[in-house]
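Engineer: Here it is, the structure, as structure tokens.
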Amino acid sequence: MKKFVLSALMVMICSSLGWAAEVKIGYIDMQRALNLSEAGLQAKNQLQERLKAYQIQINVKQEELQKLKTDLEKQGMTLNEAARAAKEKDYQQKLKDFQRFTKDAEEDLQARDGEFTKKILETLEKLINEYGKKNGFTVILDARGSALLYADQSADLTDALLKALNEATKAKK
């Protein structure tokens with residue numbers, strides 16, 4: 001459906017502008033811009049630091065769980081029924097807490113990644129609009145979009161927009 005809509009849009013643009021002016025089309029590799037921009041690298045570093053902190057906590061909790069399980073297996077036969085049941089209940093509760101913690105950590109990392117990406121994309125979209133207007137582009141496409149099958153390297157605007165994004169990031173500091 002996206003291919004059809006984009007193809008129809010391109011046909012309409014080309015046919016309606018064919019008489020009036022030159023059609024100027026460019027593209028940007030949004031993924032590359034996200035990954036190589038200073039803002040993207042900063043976001044990646046912040047996520048890596050947060051992941052390391054979570055990993056330390058996960059390792060501590062895993063060791064604690066393993067110790068409880070080992071103790072339960074070793075002492076299981078020597079404990080009376082009530083004591084064994086209490087230790088098993090404690091182990092099961094800590095296991096649930098561990099699973100909940102890892103799920104929450106994963107969701108937190110995904111949410112932060114989404115927030116960082118959204119901020120960068122908002123800035124990049126503004127820059128693309130400004131760049132397109134300033135340089136007389138009719139259309140600027142995403143290189144990874146499903147409708148772009150071929151494009152000459154001279155139409156690649158990624159480096160220019162990546163530079164503008166990095167400058168905008170520095171200006172915000």
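Please note that chains go A, B, ... in the order of the structure tokens, that every chain numbers its residues from 1, and that ligands are numbered from 1 in the order shown.
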When you look at Lys163 in chain A with a cut-off of 12 Å (counting only C-alpha atoms), what residues show up, excluding the ones that are within fewer than 4 positions of it in the same chain? I need them as number ranges by chain.
Structural biologist: A: 33-34, 36-39, 124, 127-128, 131, 157-159, 167-170
Engineer: Would you write out those residues with N, CA and C atoms, as an mmCIF file, in the first residue's frame?
Structural biologist:
```
data_model
loop_
_atom_site.group_PDB
_atom_site.id
_atom_site.type_symbol
_atom_site.label_atom_id
_atom_site.label_comp_id
_atom_site.auth_asym_id
_atom_site.auth_seq_id
_atom_site.Cartn_x
_atom_site.Cartn_y
_atom_site.Cartn_z
ATOM 1 N N ALA A 33 21.795 8.452 9.489
ATOM 2 C CA ALA A 33 21.829 9.754 10.167
ATOM 3 C C ALA A 33 21.611 9.583 11.670
ATOM 4 N N LEU A 34 20.683 8.723 12.044
ATOM 5 C CA LEU A 34 20.437 8.472 13.473
ATOM 6 C C LEU A 34 21.658 7.846 14.140
ATOM 7 N N LEU A 36 24.889 7.813 13.185
ATOM 8 C CA LEU A 36 26.165 8.514 13.124
ATOM 9 C C LEU A 36 26.137 9.934 13.662
ATOM 10 N N SER A 37 24.959 10.437 13.948
ATOM 11 C CA SER A 37 24.879 11.802 14.470
ATOM 12 C C SER A 37 25.425 11.853 15.897
ATOM 13 N N GLU A 38 25.887 13.021 16.282
ATOM 14 C CA GLU A 38 26.387 13.189 17.650
ATOM 15 C C GLU A 38 25.282 12.898 18.665
ATOM 16 N N ALA A 39 24.074 13.361 18.361
ATOM 17 C CA ALA A 39 22.949 13.107 19.270
ATOM 18 C C ALA A 39 22.668 11.607 19.355
ATOM 19 N N LEU A 124 15.647 16.371 13.054
ATOM 20 C CA LEU A 124 16.052 16.031 11.697
ATOM 21 C C LEU A 124 14.970 16.381 10.681
ATOM 22 N N LEU A 127 15.095 20.037 10.026
ATOM 23 C CA LEU A 127 16.261 20.356 9.206
ATOM 24 C C LEU A 127 16.053 19.936 7.751
ATOM 25 N N ILE A 128 15.413 18.804 7.540
ATOM 26 C CA ILE A 128 15.133 18.327 6.181
ATOM 27 C C ILE A 128 14.207 19.316 5.474
ATOM 28 N N TYR A 131 16.219 22.441 4.729
ATOM 29 C CA TYR A 131 17.200 22.147 3.684
ATOM 30 C C TYR A 131 16.510 22.017 2.326
ATOM 31 N N LEU A 157 21.497 13.140 0.355
ATOM 32 C CA LEU A 157 21.640 14.331 1.195
ATOM 33 C C LEU A 157 22.050 13.988 2.625
ATOM 34 N N THR A 158 22.306 12.716 2.893
ATOM 35 C CA THR A 158 22.553 12.258 4.257
ATOM 36 C C THR A 158 23.698 13.010 4.920
ATOM 37 N N ASP A 159 24.836 13.125 4.233
ATOM 38 C CA ASP A 159 25.994 13.777 4.857
ATOM 39 C C ASP A 159 25.718 15.243 5.178
ATOM 40 N N GLU A 167 25.389 20.135 14.028
ATOM 41 C CA GLU A 167 25.475 21.551 14.385
ATOM 42 C C GLU A 167 24.300 21.972 15.257
ATOM 43 N N ALA A 168 23.105 21.461 14.946
ATOM 44 C CA ALA A 168 21.931 21.783 15.758
ATOM 45 C C ALA A 168 22.066 21.203 17.162
ATOM 46 N N THR A 169 22.650 20.026 17.257
ATOM 47 C CA THR A 169 22.860 19.389 18.558
ATOM 48 C C THR A 169 23.849 20.207 19.394
ATOM 49 N N LYS A 170 24.914 20.674 18.754
ATOM 50 C CA LYS A 170 25.895 21.496 19.461
ATOM 51 C C LYS A 170 25.273 22.818 19.901
#
```
Engineer: Which parts of chain A does DSSP call strand (DSSP E) when run on the backbone here, written out as a PyMOL selection string?
Structural biologist: chain A and resi 25-28+139-142
Engineer: Any chance you could export the current selection's N, CA and C atoms as a JSON list (two decimals), in the first residue's frame?
Structural biologist:
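Result saved to out32.json:
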```json
[["chain", "number", "residue", "atom", "x", "y", "z"],
["A", 25, "ILE", "N", 14.89, 15.92, -6.80],
["A", 25, "ILE", "CA", 14.60, 14.89, -5.82],
["A", 25, "ILE", "C", 15.89, 14.49, -5.11],
["A", 26, "GLY", "N", 15.80, 14.35, -3.82],
["A", 26, "GLY", "CA", 16.94, 13.90, -3.02],
["A", 26, "GLY", "C", 16.48, 12.84, -2.04],
["A", 27, "TYR", "N", 17.42, 12.21, -1.39],
["A", 27, "TYR", "CA", 17.07, 11.22, -0.38],
["A", 27, "TYR", "C", 18.05, 11.29, 0.77],
["A", 28, "ILE", "N", 17.63, 10.76, 1.89],
["A", 28, "ILE", "CA", 18.48, 10.69, 3.08],
["A", 28, "ILE", "C", 18.32, 9.31, 3.70],
["A", 139, "VAL", "N", 11.13, 16.98, -3.70],
["A", 139, "VAL", "CA", 10.85, 15.84, -2.82],
["A", 139, "VAL", "C", 12.17, 15.37, -2.21],
["A", 140, "ILE", "N", 12.11, 15.02, -0.92],
["A", 140, "ILE", "CA", 13.22, 14.34, -0.26],
["A", 140, "ILE", "C", 12.65, 13.07, 0.34],
["A", 141, "LEU", "N", 13.24, 11.94, -0.03],
["A", 141, "LEU", "CA", 12.74, 10.63, 0.39],
["A", 141, "LEU", "C", 13.67, 10.00, 1.42],
["A", 142, "ASP", "N", 13.14, 9.03, 2.13],
["A", 142, "ASP", "CA", 13.94, 8.20, 3.04],
["A", 142, "ASP", "C", 14.53, 7.08, 2.20]]
```
Engineer: Can you tell me which residues surround Asn45 in chain A at a distance of at most 12 Å, considering only C-alpha atoms, apart from same-chain residues fewer than 6 positions away, and format the answer as number ranges by chain?
Structural biologist: A: 35, 38-39, 51-52, 112-113, 116
Engineer: Give me the residues near range 81-84 of chain A as a list in words, where near means some atom within 12 Å (using only C-alpha atoms) and where sequence neighbours in that chain fewer than 5 positions away do not count.
Structural biologist: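 Once the nearby chain positions are removed, what remains is Leu68, Lys69, Asp71, Leu72, Glu73, Lys74, Gln75, Gly76, Lys89, Asp90 and Tyr91 of chain A.
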Engineer: Output C-alpha atoms for every residue in the selection just made, as a compact mmCIF listing (two decimals), in the first residue's frame.
Structural biologist:
```
# COMPACT_ATOMS: atom_id res chain seq x y z
CA LEU A 68 18.82 -19.74 47.36
CA LYS A 69 18.24 -22.58 44.91
CA ASP A 71 20.61 -23.93 49.64
CA LEU A 72 17.13 -25.28 49.01
CA GLU A 73 18.49 -28.31 47.18
CA LYS A 74 21.13 -29.02 49.84
CA GLN A 75 18.91 -28.45 52.86
CA GLY A 76 15.68 -29.66 51.29
CA LYS A 89 7.99 -19.74 48.73
CA ASP A 90 10.82 -17.27 49.35
CA TYR A 91 12.68 -18.59 46.28
```
Engineer: Using only C-alpha atoms, determine which residues lie at most 12 Å from Phe98 in chain A, disregarding the query and same-chain residues fewer than 4 positions distant; provide the list as a PyMOL selection string.
Structural biologist: chain A and resi 54+57-66+91-94+102-105
Engineer: By how many Å are CA of Gly145 in chain A and CA of Asp29 in chain A apart?
Structural biologist: 9.0 Å
Engineer: Kindly indicate which residue among A:Arg144, A:Lys133, A:Arg50, A:Lys67 lies nearest to Asp108 in chain A, using only C-alpha atoms for the distances.
Structural biologist: A:Arg50
Engineer: Could you please determine the separation between CA of Glu115 in chain A and CA of Lys44 in chain A in Å, to one decimal place?
Structural biologist: 11.9 Å
Engineer: Out of range 7-125 of chain A, which residues get helix (DSSP H, G or I) from DSSP, as a PyMOL selection string?
Structural biologist: chain A and resi 7-17+30-36+38-75+81-125
Engineer: Go ahead and save the picked residues with C-alpha atoms, as an mmCIF file, in the first residue's frame.
Structural biologist:
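Final file, out12.cif:
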```
data_model
loop_
_atom_site.group_PDB
_atom_site.id
_atom_site.type_symbol
_atom_site.label_atom_id
_atom_site.label_comp_id
_atom_site.auth_asym_id
_atom_site.auth_seq_id
_atom_site.Cartn_x
_atom_site.Cartn_y
_atom_site.Cartn_z
ATOM 1 C CA SER A 7 4.359 5.832 -6.581
ATOM 2 C CA ALA A 8 1.083 7.653 -7.203
ATOM 3 C CA LEU A 9 2.426 10.703 -5.372
ATOM 4 C CA MET A 10 5.601 10.701 -7.445
ATOM 5 C CA VAL A 11 3.612 10.393 -10.692
ATOM 6 C CA MET A 12 1.352 13.288 -9.673
ATOM 7 C CA ILE A 13 4.296 15.469 -8.669
ATOM 8 C CA CYS A 14 6.247 14.720 -11.801
ATOM 9 C CA SER A 15 3.274 15.213 -14.117
ATOM 10 C CA SER A 16 2.034 18.421 -12.459
ATOM 11 C CA LEU A 17 5.469 19.985 -12.207
ATOM 12 C CA MET A 30 17.553 8.206 8.104
ATOM 13 C CA GLN A 31 18.993 5.168 9.874
ATOM 14 C CA ARG A 32 22.552 6.182 9.068
ATOM 15 C CA ALA A 33 21.829 9.754 10.167
ATOM 16 C CA LEU A 34 20.437 8.472 13.473
ATOM 17 C CA ASN A 35 23.362 6.131 14.077
ATOM 18 C CA LEU A 36 26.165 8.514 13.124
ATOM 19 C CA GLU A 38 26.387 13.189 17.650
ATOM 20 C CA ALA A 39 22.949 13.107 19.270
ATOM 21 C CA GLY A 40 22.533 9.475 18.220
ATOM 22 C CA LEU A 41 25.956 8.509 19.554
ATOM 23 C CA GLN A 42 25.247 10.314 22.842
ATOM 24 C CA ALA A 43 21.924 8.508 23.147
ATOM 25 C CA LYS A 44 23.597 5.173 22.421
ATOM 26 C CA ASN A 45 26.226 5.852 25.103
ATOM 27 C CA GLN A 46 23.566 6.794 27.665
ATOM 28 C CA LEU A 47 21.630 3.626 26.877
ATOM 29 C CA GLN A 48 24.808 1.533 27.167
ATOM 30 C CA GLU A 49 25.575 3.041 30.579
ATOM 31 C CA ARG A 50 22.054 2.349 31.759
ATOM 32 C CA LEU A 51 22.253 -1.199 30.392
ATOM 33 C CA LYS A 52 25.511 -1.775 32.295
ATOM 34 C CA ALA A 53 23.887 -0.564 35.527
ATOM 35 C CA TYR A 54 20.928 -2.873 34.979
ATOM 36 C CA GLN A 55 23.261 -5.755 34.123
ATOM 37 C CA ILE A 56 25.113 -5.318 37.424
ATOM 38 C CA GLN A 57 21.813 -5.464 39.318
ATOM 39 C CA ILE A 58 20.684 -8.472 37.292
ATOM 40 C CA ASN A 59 23.935 -10.315 38.028
ATOM 41 C CA VAL A 60 23.562 -9.676 41.777
ATOM 42 C CA LYS A 61 19.962 -10.889 41.739
ATOM 43 C CA GLN A 62 20.910 -13.966 39.694
ATOM 44 C CA GLU A 63 23.650 -14.888 42.154
ATOM 45 C CA GLU A 64 21.212 -14.472 45.037
ATOM 46 C CA LEU A 65 18.666 -16.681 43.283
ATOM 47 C CA GLN A 66 21.281 -19.320 42.517
ATOM 48 C CA LYS A 67 22.411 -19.334 46.159
ATOM 49 C CA LEU A 68 18.818 -19.741 47.360
ATOM 50 C CA LYS A 69 18.240 -22.582 44.912
ATOM 51 C CA THR A 70 21.462 -24.329 45.939
ATOM 52 C CA ASP A 71 20.614 -23.933 49.635
ATOM 53 C CA LEU A 72 17.133 -25.276 49.011
ATOM 54 C CA GLU A 73 18.492 -28.311 47.181
ATOM 55 C CA LYS A 74 21.129 -29.017 49.840
ATOM 56 C CA GLN A 75 18.907 -28.447 52.858
ATOM 57 C CA GLU A 81 7.928 -29.574 55.740
ATOM 58 C CA ALA A 82 7.056 -26.064 56.962
ATOM 59 C CA ALA A 83 10.637 -24.756 56.729
ATOM 60 C CA ARG A 84 11.114 -26.249 53.237
ATOM 61 C CA ALA A 85 7.797 -24.749 52.077
ATOM 62 C CA ALA A 86 8.834 -21.340 53.457
ATOM 63 C CA LYS A 87 12.192 -21.509 51.629
ATOM 64 C CA GLU A 88 10.493 -22.583 48.399
ATOM 65 C CA LYS A 89 7.985 -19.743 48.731
ATOM 66 C CA ASP A 90 10.824 -17.269 49.353
ATOM 67 C CA TYR A 91 12.680 -18.593 46.284
ATOM 68 C CA GLN A 92 9.578 -18.388 44.078
ATOM 69 C CA GLN A 93 8.873 -14.818 45.241
ATOM 70 C CA LYS A 94 12.445 -13.719 44.535
ATOM 71 C CA LEU A 95 12.275 -15.417 41.131
ATOM 72 C CA LYS A 96 9.097 -13.465 40.303
ATOM 73 C CA ASP A 97 10.734 -10.256 41.515
ATOM 74 C CA PHE A 98 13.758 -10.989 39.331
ATOM 75 C CA GLN A 99 11.608 -11.641 36.266
ATOM 76 C CA ARG A 100 9.611 -8.476 36.914
ATOM 77 C CA PHE A 101 12.827 -6.461 37.333
ATOM 78 C CA THR A 102 14.328 -7.728 34.069
ATOM 79 C CA LYS A 103 11.075 -7.029 32.210
ATOM 80 C CA ASP A 104 10.871 -3.512 33.702
ATOM 81 C CA ALA A 105 14.519 -2.848 32.819
ATOM 82 C CA GLU A 106 13.957 -3.949 29.229
ATOM 83 C CA GLU A 107 10.851 -1.778 28.930
ATOM 84 C CA ASP A 108 12.714 1.193 30.425
ATOM 85 C CA LEU A 109 15.557 0.818 27.916
ATOM 86 C CA GLN A 110 13.114 0.551 25.015
ATOM 87 C CA ALA A 111 11.176 3.588 26.208
ATOM 88 C CA ARG A 112 14.344 5.664 26.578
ATOM 89 C CA ASP A 113 15.525 4.554 23.146
ATOM 90 C CA GLY A 114 12.167 5.616 21.733
ATOM 91 C CA GLU A 115 12.372 8.996 23.448
ATOM 92 C CA PHE A 116 15.895 9.643 22.176
ATOM 93 C CA THR A 117 14.964 8.568 18.659
ATOM 94 C CA LYS A 118 11.830 10.723 18.654
ATOM 95 C CA LYS A 119 13.778 13.829 19.715
ATOM 96 C CA ILE A 120 16.442 13.294 17.071
ATOM 97 C CA LEU A 121 13.868 12.604 14.351
ATOM 98 C CA GLU A 122 11.895 15.738 15.227
ATOM 99 C CA THR A 123 15.040 17.846 14.866
ATOM 100 C CA LEU A 124 16.052 16.031 11.697
ATOM 101 C CA GLU A 125 12.630 16.475 10.101
#
```
